[in-house]
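What follows is structure.txt (compact mmCIF, C-alpha atoms (C1' of nucleotides)).
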```txt
# COMPACT_ATOMS: atom_id res chain seq x y z
CA MET E 15 30.18 55.67 32.93
CA GLN E 16 32.16 58.60 34.37
CA MET E 17 35.22 57.86 32.27
CA LEU E 18 33.23 57.72 29.06
CA TYR E 19 31.53 60.98 29.96
CA GLU E 20 34.89 62.68 30.39
CA TYR E 21 36.06 61.19 27.13
CA PHE E 22 33.05 62.54 25.26
CA LYS E 23 33.46 65.97 26.81
CA GLY E 24 36.88 66.14 25.21
CA PHE E 25 35.15 66.26 21.83
CA GLY E 26 33.28 69.49 22.48
CA ASN E 27 30.13 70.59 24.17
CA LEU E 28 26.84 68.83 23.79
CA PRO E 29 23.50 69.83 25.39
CA ASN E 30 22.92 67.89 28.61
CA ASP E 31 19.94 65.96 27.35
CA GLU E 32 21.81 64.81 24.26
CA MET E 33 24.83 63.80 26.30
CA ASP E 34 22.55 61.81 28.60
CA PHE E 35 20.93 60.16 25.64
CA LEU E 36 24.33 59.27 24.21
CA LEU E 37 25.48 57.70 27.46
CA SER E 38 22.17 55.88 27.91
CA GLN E 39 22.88 53.96 24.69
CA CYS E 40 26.07 52.49 26.15
CA THR E 41 26.21 49.41 28.35
CA ILE E 42 28.90 48.46 30.83
CA LYS E 43 30.35 44.99 30.44
CA GLU E 44 33.22 42.88 31.70
CA LEU E 45 35.54 40.25 30.31
CA LYS E 46 37.74 37.78 32.14
CA LYS E 47 41.37 37.42 31.13
CA GLY E 48 41.63 35.18 28.11
CA ALA E 49 38.03 35.72 27.01
CA VAL E 50 37.43 36.26 23.30
CA LEU E 51 35.80 39.53 22.25
CA ILE E 52 36.07 39.20 18.49
CA SER E 53 36.61 35.97 16.61
CA PRO E 54 37.34 35.45 12.91
CA ASN E 55 34.40 35.26 10.52
CA HIS E 56 32.03 37.08 12.84
CA HIS E 57 30.77 40.62 12.35
CA VAL E 58 32.02 43.26 14.70
CA ASP E 59 28.81 44.73 15.93
CA SER E 60 29.89 47.31 18.50
CA ILE E 61 32.18 50.16 19.32
CA TYR E 62 34.09 49.62 22.55
CA PHE E 63 35.39 52.07 25.13
CA LEU E 64 37.84 50.57 27.61
CA GLU E 65 37.63 51.60 31.25
CA SER E 66 40.31 49.23 32.51
CA GLY E 67 42.43 46.36 31.29
CA TYR E 68 43.97 45.52 27.93
CA LEU E 69 42.76 43.91 24.74
CA HIS E 70 44.93 42.09 22.24
CA TYR E 71 43.93 42.51 18.60
CA TYR E 72 45.94 40.35 16.25
CA THR E 73 46.05 38.57 12.92
CA HIS E 74 48.10 35.79 11.34
CA THR E 75 50.56 35.81 8.47
CA GLU E 76 50.32 33.35 5.61
CA LEU E 77 52.70 31.12 7.51
CA GLY E 78 50.51 31.12 10.59
CA GLU E 79 52.66 33.42 12.69
CA ARG E 80 50.70 35.65 15.02
CA VAL E 81 51.07 39.40 14.46
CA THR E 82 49.80 42.02 16.91
CA LEU E 83 47.88 44.81 15.20
CA LYS E 84 46.90 46.72 18.30
CA VAL E 85 46.93 46.60 22.05
CA VAL E 86 43.80 48.44 23.15
CA SER E 87 44.41 50.49 26.30
CA PRO E 88 41.97 52.14 28.73
CA ASN E 89 40.39 55.43 27.84
CA ILE E 90 40.06 54.93 24.13
CA CYS E 91 37.24 54.07 21.80
CA TRP E 92 37.98 51.22 19.47
CA THR E 93 36.41 48.93 16.90
CA VAL E 94 37.26 47.23 13.63
CA LEU E 95 35.78 49.97 11.56
CA ASP E 96 35.62 48.20 8.26
CA SER E 97 33.68 45.29 9.70
CA PHE E 98 31.51 47.58 11.81
CA MET E 99 30.55 49.91 8.95
CA ASN E 100 30.19 47.46 6.10
CA GLN E 101 28.97 44.42 8.01
CA THR E 102 31.80 42.36 6.63
CA PRO E 103 33.15 39.50 8.73
CA ALA E 104 36.30 40.32 10.70
CA GLU E 105 39.37 38.34 9.68
CA ASP E 106 41.22 38.89 12.87
CA GLU E 107 40.86 38.14 16.52
CA CYS E 108 40.61 40.08 19.76
CA VAL E 109 41.16 38.64 23.21
CA ALA E 110 41.31 40.08 26.73
CA LEU E 111 44.90 40.18 28.00
CA THR E 112 43.71 41.00 31.52
CA ASP E 113 40.33 41.34 33.17
CA VAL E 114 38.62 44.14 31.31
CA ARG E 115 35.81 46.62 32.01
CA PHE E 116 34.35 48.40 29.03
CA CYS E 117 31.37 50.28 27.63
CA GLU E 118 29.69 48.93 24.54
CA LEU E 119 27.76 50.85 21.90
CA LYS E 120 25.83 48.55 19.59
CA ARG E 121 25.69 49.18 15.88
CA ARG E 122 21.93 49.74 15.76
CA ASP E 123 22.18 52.24 18.62
CA TYR E 124 25.05 53.97 16.88
CA PHE E 125 22.86 54.56 13.84
CA ALA E 126 19.91 55.53 16.00
CA ILE E 127 22.04 58.22 17.61
CA LYS E 128 23.09 59.52 14.21
CA GLU E 129 19.44 59.85 13.20
CA LYS E 130 18.40 61.55 16.40
CA SER E 131 19.64 65.07 15.64
CA LYS E 132 22.15 66.92 13.53
CA SER E 133 24.23 67.93 16.53
CA LEU E 134 24.47 64.32 17.75
CA SER E 135 25.26 63.10 14.28
CA ASP E 136 28.02 65.68 13.88
CA PHE E 137 29.35 64.90 17.33
CA ILE E 138 29.61 61.19 16.61
CA ASN E 139 31.14 61.77 13.21
CA ARG E 140 33.76 63.95 14.79
CA ILE E 141 34.69 61.15 17.16
CA VAL E 142 34.92 58.56 14.41
CA GLU E 143 37.03 60.87 12.27
CA GLN E 144 39.29 61.63 15.18
CA ILE E 145 39.82 57.95 15.98
CA LEU E 146 40.68 57.11 12.40
CA SER E 147 42.80 60.16 11.92
CA LEU E 148 44.85 59.28 14.98
CA LYS E 149 45.35 55.81 13.64
CA VAL E 150 46.69 57.24 10.39
CA ILE E 151 49.09 59.52 12.24
CA GLU E 152 50.20 56.57 14.33
CA ALA E 153 50.86 54.53 11.19
CA ASN E 154 52.88 57.36 9.68
CA ASN E 155 54.93 57.74 12.83
CA LYS E 156 55.61 54.03 12.79
CA SER E 157 56.99 54.40 9.28
CA LYS E 158 59.51 56.96 10.31
CA MET E 159 60.70 55.43 13.57
CA THR E 160 63.14 52.60 14.18
CA VAL E 161 62.05 49.69 16.35
CA GLU E 162 63.99 51.13 19.26
CA GLU E 163 62.38 54.54 18.86
CA ARG E 164 58.95 52.96 18.81
CA TYR E 165 59.71 51.15 22.04
CA VAL E 166 60.98 54.26 23.78
CA ASP E 167 57.97 56.15 22.52
CA LEU E 168 55.60 53.55 23.93
CA LEU E 169 57.49 53.52 27.20
CA GLN E 170 56.97 57.26 27.55
CA LYS E 171 53.40 57.44 26.38
CA ASN E 172 52.08 54.28 27.93
CA PRO E 173 54.42 52.84 30.60
CA GLU E 174 51.57 50.96 32.22
CA MET E 175 50.94 49.04 29.04
CA ILE E 176 54.60 47.99 28.93
CA ARG E 177 54.24 46.70 32.47
CA GLU E 178 50.98 44.83 31.95
CA VAL E 179 51.43 43.29 28.51
CA PRO E 180 53.73 40.31 27.77
CA VAL E 181 57.01 41.19 26.09
CA GLY E 182 56.36 39.02 23.07
CA ILE E 183 53.19 40.92 22.32
CA ILE E 184 54.86 44.31 22.64
CA ALA E 185 57.64 43.07 20.38
CA SER E 186 55.17 41.99 17.73
CA LEU E 187 53.33 45.30 18.05
CA ILE E 188 56.41 47.35 17.31
CA GLY E 189 57.42 44.98 14.53
CA THR E 190 60.25 42.86 15.85
CA SER E 191 61.02 39.63 17.66
CA ARG E 192 60.92 38.96 21.39
CA GLU E 193 64.70 38.52 21.42
CA THR E 194 65.46 41.78 19.66
CA LEU E 195 63.19 43.68 22.01
CA HIS E 196 65.05 42.04 24.82
CA ARG E 197 68.37 43.31 23.47
CA ILE E 198 66.93 46.79 23.20
CA ARG E 199 65.78 46.73 26.82
CA ARG E 200 69.17 45.50 27.97
CA ARG E 201 70.91 48.29 26.10
CA LEU E 202 68.54 50.87 27.55
CA THR E 203 68.95 49.76 31.16
CA ALA E 204 72.72 49.62 30.73
CA ALA E 205 72.76 53.27 29.64
CA MET J 25 35.46 65.78 -14.29
CA GLN J 26 34.25 62.47 -15.74
CA MET J 27 36.65 60.42 -13.60
CA LEU J 28 35.57 62.12 -10.42
CA TYR J 29 31.95 61.56 -11.34
CA GLU J 30 32.57 57.83 -11.76
CA TYR J 31 34.45 57.78 -8.50
CA PHE J 32 31.56 59.40 -6.64
CA LYS J 33 29.05 57.04 -8.20
CA GLY J 34 30.94 54.19 -6.58
CA PHE J 35 29.82 55.51 -3.21
CA GLY J 36 26.11 55.10 -3.89
CA ASN J 37 23.34 56.99 -5.57
CA LEU J 38 22.82 60.68 -5.18
CA PRO J 39 20.05 62.77 -6.80
CA ASN J 40 21.27 64.39 -10.03
CA ASP J 41 21.04 67.95 -8.78
CA GLU J 42 23.07 67.12 -5.67
CA MET J 43 25.68 65.27 -7.71
CA ASP J 44 25.95 68.29 -10.01
CA PHE J 45 26.32 70.57 -7.06
CA LEU J 46 29.02 68.37 -5.61
CA LEU J 47 30.99 68.38 -8.85
CA SER J 48 30.50 72.11 -9.29
CA GLN J 49 32.44 72.69 -6.08
CA CYS J 50 35.52 70.99 -7.51
CA THR J 51 38.11 72.70 -9.70
CA ILE J 52 40.48 71.10 -12.15
CA LYS J 53 44.13 72.00 -11.75
CA GLU J 54 47.54 70.94 -12.97
CA LEU J 55 51.02 70.62 -11.56
CA LYS J 56 54.33 70.31 -13.37
CA LYS J 57 56.75 67.59 -12.34
CA GLY J 58 58.69 68.74 -9.29
CA ALA J 59 56.12 71.32 -8.23
CA VAL J 60 55.31 71.47 -4.53
CA LEU J 61 51.71 70.86 -3.50
CA ILE J 62 52.12 70.83 0.26
CA SER J 63 55.00 72.30 2.17
CA PRO J 64 55.85 72.05 5.87
CA ASN J 65 54.24 74.54 8.23
CA HIS J 66 51.39 75.36 5.89
CA HIS J 67 47.79 74.28 6.36
CA VAL J 68 46.41 71.69 3.99
CA ASP J 69 43.35 73.41 2.74
CA SER J 70 41.92 70.99 0.18
CA ILE J 71 40.98 67.47 -0.65
CA TYR J 72 42.57 66.24 -3.87
CA PHE J 73 41.39 63.75 -6.45
CA LEU J 74 44.07 62.65 -8.91
CA GLU J 75 43.13 62.20 -12.54
CA SER J 76 46.62 61.44 -13.78
CA GLY J 77 50.20 61.44 -12.53
CA TYR J 78 51.76 60.70 -9.17
CA LEU J 79 52.32 62.64 -5.98
CA HIS J 80 55.05 61.96 -3.45
CA TYR J 81 54.10 62.54 0.18
CA TYR J 82 57.02 62.20 2.56
CA THR J 83 58.49 63.19 5.89
CA HIS J 84 61.93 63.19 7.50
CA THR J 85 63.35 61.21 10.38
CA GLU J 86 65.17 62.84 13.26
CA LEU J 87 68.39 62.25 11.36
CA GLY J 88 67.11 64.00 8.27
CA GLU J 89 66.55 60.89 6.19
CA ARG J 90 63.60 61.16 3.82
CA VAL J 91 60.80 58.63 4.37
CA THR J 92 57.96 58.11 1.90
CA LEU J 93 54.58 58.01 3.59
CA LYS J 94 52.48 57.65 0.47
CA VAL J 95 52.61 57.70 -3.28
CA VAL J 96 49.28 59.13 -4.41
CA SER J 97 48.01 57.40 -7.57
CA PRO J 98 45.26 58.39 -10.00
CA ASN J 99 41.65 57.71 -9.16
CA ILE J 100 41.84 58.28 -5.44
CA CYS J 101 40.86 61.08 -3.12
CA TRP J 102 43.57 62.16 -0.77
CA THR J 103 44.47 64.80 1.80
CA VAL J 104 46.30 65.13 5.09
CA LEU J 105 43.20 64.69 7.14
CA ASP J 106 44.53 65.89 10.44
CA SER J 107 45.72 69.16 8.99
CA PHE J 108 42.60 69.56 6.88
CA MET J 109 40.15 68.96 9.71
CA ASN J 110 41.88 70.69 12.57
CA GLN J 111 43.62 73.48 10.67
CA THR J 112 46.95 72.42 12.07
CA PRO J 113 50.08 73.02 9.98
CA ALA J 114 51.29 69.99 8.04
CA GLU J 115 54.69 68.70 9.10
CA ASP J 116 55.36 66.88 5.91
CA GLU J 117 55.79 67.62 2.26
CA CYS J 118 54.09 66.66 -0.98
CA VAL J 119 55.61 67.06 -4.42
CA ALA J 120 54.56 66.06 -7.95
CA LEU J 121 56.61 63.12 -9.20
CA THR J 122 55.28 63.59 -12.73
CA ASP J 123 53.01 66.10 -14.40
CA VAL J 124 49.72 65.83 -12.56
CA ARG J 125 46.07 66.61 -13.29
CA PHE J 126 43.76 66.73 -10.32
CA CYS J 127 40.46 68.03 -8.96
CA GLU J 128 40.52 70.19 -5.87
CA LEU J 129 37.82 70.61 -3.26
CA LYS J 130 38.52 73.53 -0.95
CA ARG J 131 37.91 73.28 2.77
CA ARG J 132 35.24 75.97 2.87
CA ASP J 133 33.39 74.28 0.00
CA TYR J 134 33.68 70.95 1.74
CA PHE J 135 31.91 72.37 4.78
CA ALA J 136 29.38 74.16 2.60
CA ILE J 137 28.49 70.84 1.00
CA LYS J 138 28.04 69.24 4.39
CA GLU J 139 25.61 71.98 5.38
CA LYS J 140 23.63 71.80 2.16
CA SER J 141 21.54 68.71 2.91
CA LYS J 142 21.52 65.61 5.03
CA SER J 143 21.97 63.32 2.03
CA LEU J 144 25.00 65.26 0.83
CA SER J 145 26.45 65.36 4.31
CA ASP J 146 26.01 61.60 4.71
CA PHE J 147 27.45 61.01 1.28
CA ILE J 148 30.59 62.99 2.00
CA ASN J 149 31.02 61.42 5.41
CA ARG J 150 30.82 58.01 3.83
CA ILE J 151 33.63 58.93 1.47
CA VAL J 152 35.84 60.27 4.24
CA GLU J 153 35.22 57.22 6.38
CA GLN J 154 35.96 54.93 3.47
CA ILE J 155 39.23 56.69 2.69
CA LEU J 156 40.41 56.49 6.26
CA SER J 157 39.20 52.99 6.77
CA LEU J 158 41.15 51.84 3.72
CA LYS J 159 44.23 53.50 5.08
CA VAL J 160 43.86 51.58 8.34
CA ILE J 161 43.45 48.28 6.50
CA GLU J 162 46.50 49.14 4.43
CA ALA J 163 48.51 49.81 7.58
CA ASN J 164 47.42 46.52 9.10
CA ASN J 165 48.36 44.63 5.96
CA LYS J 166 51.73 46.28 6.02
CA SER J 167 52.23 44.94 9.54
CA LYS J 168 51.67 41.40 8.51
CA MET J 169 53.62 41.36 5.26
CA THR J 170 57.34 41.08 4.67
CA VAL J 171 59.06 43.68 2.53
CA GLU J 172 59.07 41.26 -0.38
CA GLU J 173 55.36 40.52 -0.02
CA ARG J 174 54.60 44.22 0.02
CA TYR J 175 56.54 44.68 -3.18
CA VAL J 176 54.80 41.79 -4.94
CA ASP J 177 51.47 43.11 -3.70
CA LEU J 178 52.18 46.55 -5.13
CA LEU J 179 53.35 45.04 -8.37
CA GLN J 180 50.03 43.24 -8.76
CA LYS J 181 47.76 46.00 -7.61
CA ASN J 182 49.53 48.94 -9.17
CA PRO J 183 52.09 47.92 -11.79
CA GLU J 184 51.92 51.32 -13.43
CA MET J 185 53.08 52.97 -10.24
CA ILE J 186 56.08 50.65 -10.10
CA ARG J 187 56.95 51.70 -13.64
CA GLU J 188 56.50 55.44 -13.13
CA VAL J 189 57.99 55.98 -9.69
CA PRO J 190 61.77 55.89 -8.93
CA VAL J 191 62.98 52.73 -7.22
CA GLY J 192 64.32 54.57 -4.20
CA ILE J 193 60.91 56.00 -3.47
CA ILE J 194 59.17 52.65 -3.81
CA ALA J 195 61.80 51.15 -1.50
CA SER J 196 61.17 53.80 1.13
CA LEU J 197 57.42 53.32 0.77
CA ILE J 198 57.58 49.62 1.54
CA GLY J 199 60.06 50.21 4.33
CA THR J 200 63.46 49.21 3.06
CA SER J 201 66.54 50.54 1.26
CA ARG J 202 67.06 50.97 -2.45
CA GLU J 203 69.67 48.20 -2.43
CA THR J 204 67.47 45.66 -0.68
CA LEU J 205 64.62 46.32 -3.07
CA HIS J 206 67.08 45.79 -5.85
CA ARG J 207 68.03 42.38 -4.44
CA ILE J 208 64.36 41.46 -4.22
CA ARG J 209 63.78 42.38 -7.84
CA ARG J 210 66.80 40.39 -8.94
CA ARG J 211 65.56 37.31 -7.05
CA LEU J 212 62.09 37.68 -8.56
CA THR J 213 63.28 37.98 -12.15
CA ALA J 214 65.63 35.04 -11.65
CA ALA J 215 62.74 32.83 -10.56
C1' DT B 16 74.36 69.90 -27.87
C1' DT B 17 76.72 69.56 -24.17
C1' DG B 18 77.43 69.72 -19.37
C1' DT B 19 75.11 68.50 -15.13
C1' DT B 20 72.27 66.16 -12.27
C1' DA B 21 69.27 62.28 -10.93
C1' DG B 22 68.45 57.59 -11.00
C1' DC B 23 70.02 52.79 -11.53
C1' DG B 24 72.81 48.36 -10.94
C1' DT B 25 76.06 46.02 -8.27
C1' DG B 26 79.93 44.51 -5.13
C1' DT B 27 81.98 44.46 -0.39
C1' DC B 28 81.68 44.45 4.46
C1' DA B 29 80.23 45.46 9.13
C1' DA B 30 76.14 45.47 11.94
C1' DA B 31 71.57 44.03 13.14
C1' DT B 32 68.25 40.54 13.18
C1' DG B 33 65.72 36.14 13.58
C1' DA B 34 65.73 31.35 14.63
C1' DC B 35 66.89 28.05 17.90
C1' DA B 36 68.02 26.17 22.25
C1' DC B 37 67.73 25.98 27.06
C1' DA B 38 67.75 27.51 31.99
C1' DT B 39 65.03 30.29 35.12
C1' DT B 40 61.21 32.50 36.89
C1' DT B 41 56.34 33.53 37.29
C1' DT B 42 51.65 32.37 36.88
C1' DT B 43 47.95 29.29 36.64
C1' DT B 44 45.67 25.03 37.40
C1' DT B 45 44.70 20.96 39.81
C1' DA R 10 51.05 22.58 47.84
C1' DA R 11 52.50 20.40 43.84
C1' DA R 12 52.50 20.07 39.03
C1' DA R 13 51.94 22.11 34.66
C1' DA R 14 52.01 25.83 31.65
C1' DA R 15 53.37 30.33 30.25
C1' DA R 16 56.53 33.92 30.06
C1' DT R 17 61.23 35.55 30.45
C1' DG R 18 66.44 36.08 30.06
C1' DT R 19 70.32 34.91 27.46
C1' DG R 20 73.87 32.75 24.39
C1' DT R 21 75.24 31.06 19.66
C1' DC R 22 75.09 31.27 14.78
C1' DA R 23 73.52 31.73 10.03
C1' DT R 24 71.11 35.14 7.33
C1' DT R 25 69.60 39.57 6.05
C1' DT R 26 70.14 44.22 5.90
C1' DG R 27 72.04 48.89 5.43
C1' DA R 28 75.91 51.81 4.40
C1' DC R 29 79.32 52.95 1.30
C1' DA R 30 81.53 53.12 -3.01
C1' DC R 31 81.76 53.38 -7.89
C1' DG R 32 80.58 53.17 -12.83
C1' DC R 33 76.89 53.67 -16.06
C1' DT R 34 72.81 55.57 -18.30
C1' DA R 35 68.89 58.55 -18.85
C1' DA R 36 66.79 62.94 -18.22
C1' DC R 37 67.13 67.74 -17.96
C1' DA R 38 68.74 72.46 -18.31
C1' DA R 39 71.84 75.97 -20.10
```
Would you write the structure of this file as structure tokens?
Amino acid sequence: MQMLYEYFKGFGNLPNDEMDFLLSQCTIKELKKGAVLISPNHHVDSIYFLESGYLHYYTHTELGERVTLKVVSPNICWTVLDSFMNQTPAEDECVALTDVRFCELKRRDYFAIKEKSKSLSDFINRIVEQILSLKVIEANNKSKMTVEERYVDLLQKNPEMIREVPVGIIASLIGTSRETLHRIRRRLTAA
Amino acid sequence: MQMLYEYFKGFGNLPNDEMDFLLSQCTIKELKKGAVLISPNHHVDSIYFLESGYLHYYTHTELGERVTLKVVSPNICWTVLDSFMNQTPAEDECVALTDVRFCELKRRDYFAIKEKSKSLSDFINRIVEQILSLKVIEANNKSKMTVEERYVDLLQKNPEMIREVPVGIIASLIGTSRETLHRIRRRLTAA
DNA sequence: TTGTTAGCGTGTCAAATGACACATTTTTTT
DNA sequence: AAAAAAATGTGTCATTTGACACGCTAACAA
């Protein structure tokens, strides 16, 4: 739980007892490589915080081609917010790319925390807003970068992910084909 | 203010006096075509609700090319959330594409509303979460659609925008060049 | 109302991309 | 340890795209 504690601390100070309460609502779990975390037509009922490993969140185009929407890395909170908030079934799928250790906060506990006190409610809201806001910034950056720039950016900000995740998945994440990403890598190593 | 009232009602019921208070914090304003709403290096200090007209929110690539991040249409709430929440200067720019009528909610009034009562605070949070959550879904859809699909999608969901906004800006919004969008339109009318 | 600017339509051409095919390596399973 | 499966590296080729160029029209400002 140490990692999650550090993560929470980054969002401002919280009285010790409230922080303890917050952490007490989270459970540590594990997934084996290849295990399914979220499957289509089921509700997403938790918020996840990764301690180690990688998750692959993806969807399919009309033609059945698989498209990566996100690779979830350690040290971030993540969920499918629309499904989580509105209890709608998720359309997409999430699978463990490696063995994974994570903390889970269940939906009912999330709402219980929000009811507990104003400071806890504000604290949690701040986290949710931050997560979403980052996602929006990320989407905007994606709009203004070329495929190559996105790759270089990822390489700088998350080299471990590049090492651990299959090339085809990275390619799909940055919006190109496996072959084109390969050309980019060749060019970059040549230089 | 009627439009904004209807918009708020879509987010659930609120006691009359609280709804009135909420609306009383918003001010109606206008912009002439070409007027700047947000300029780089200034804080975004309001949330906007468009009643009529279109806004162009864009950034620039490293090479100085202009990239459209969003065309703001009537009947939606919009702001640059990161700048608004964290008081950081906006990097990007927002300009009126047409004459625009909008409601403005200032930052300090936004926080005042949140302090007023738990129901108002929850109500506002729900709106912010909804706005952001929609943006995330939009970004994910963009990932799984081709340029042509995005255009057709826009055409169905917002034909008026296609009519009112210059082709080059629509092209940039869906991630392509003016010429390629032109080819797409030619193909579509031929069929 | 007239000159000026912004936006639109379209053709050509070089460059980038995706689809396919296949050999090679790495990983997983039996 | 062997066999099977998954992931990778790489070449060819047809297609798509972006960049440029130019004329035309609509909108706007002097």
Handout entry: Residue hits in chain E, query chain R, radius 12 Å, all atoms listed in the file, as a PyMOL selection string
Key = chain E and resi 179-183+192-197+199-200
Selection above as a file: C-alpha atoms, as a CSV table (one decimal), in the coordinates of the input:
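Everything below was put into again-v6.csv:
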```
chain,number,residue,atom,x,y,z
E,179,VAL,CA,51.4,43.3,28.5
E,180,PRO,CA,53.7,40.3,27.8
E,181,VAL,CA,57.0,41.2,26.1
E,182,GLY,CA,56.4,39.0,23.1
E,183,ILE,CA,53.2,40.9,22.3
E,192,ARG,CA,60.9,39.0,21.4
E,193,GLU,CA,64.7,38.5,21.4
E,194,THR,CA,65.5,41.8,19.7
E,195,LEU,CA,63.2,43.7,22.0
E,196,HIS,CA,65.0,42.0,24.8
E,197,ARG,CA,68.4,43.3,23.5
E,199,ARG,CA,65.8,46.7,26.8
E,200,ARG,CA,69.2,45.5,28.0
```
Problem - Between CA of Phe73 in chain J and CA of Met109 in chain J, distance in Å (one decimal) - result: 17.0 Å
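Residues of protein, DNA or RNA having at least one counted atom within 8 Å of (50.6, 61.1, -10.4), given all atoms listed in the file, are Leu74, Glu75, Ser76, Gly77, Tyr78, Leu79, Val96, Ser97, Pro98, Ala120, Leu121, Thr122, Asp123, Val124 and Arg125 of chain J.
What separates CA of Thr170 in chain J from CA of Thr75 in chain E is a distance of 9.4 Å.
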Practice task
Compute the distance from (48.8, 44.5, 0.1) to each atom, counting only C-alpha atoms (C1' of nucleotides), keep the residues with any atom at most 8 Å away, and return them as a PyMOL selection string; use the coordinates of the file.
Solution key: chain J and resi 162+165-166+169+173-174+177-178+181
Handout entry: Interface list for chain B, partner chain E, 12 Å threshold, all atoms listed in the file, as a VMD selection string
Key = chain B and resid 31 to 35 41 43
Include C-alpha atoms (C1' of nucleotides) and write out the residues we just selected as a compact mmCIF listing (two decimals), in the frame of the given file.
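Heads up, here's the output in part36.txt:
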```txt
# COMPACT_ATOMS: atom_id res chain seq x y z
C1' DA B 31 71.57 44.03 13.14
C1' DT B 32 68.25 40.54 13.18
C1' DG B 33 65.72 36.14 13.58
C1' DA B 34 65.73 31.35 14.63
C1' DC B 35 66.89 28.05 17.90
C1' DT B 41 56.34 33.53 37.29
C1' DT B 43 47.95 29.29 36.64
```
Practice task
Restrict the distance test to all atoms listed in the file, flag each residue of chain J within 8 Å of chain E, and return the flagged residues as a PyMOL selection string.
Solution key: chain J and resi 83-85+91+93+105-106+149+153+156-157+159-160+163-164+167-169+199
Exercise for the section: For CA of Leu119 in chain E and CA of Ala49 in chain E, quote the distance in Å rounded to one decimal. Expected result: 19.0 Å
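Among E:Glu107, E:Ile42, E:Pro29, E:Pro54, the residue with the shortest atom-to-atom distance to Tyr71 in chain E, counting only C-alpha atoms, is E:Glu107.
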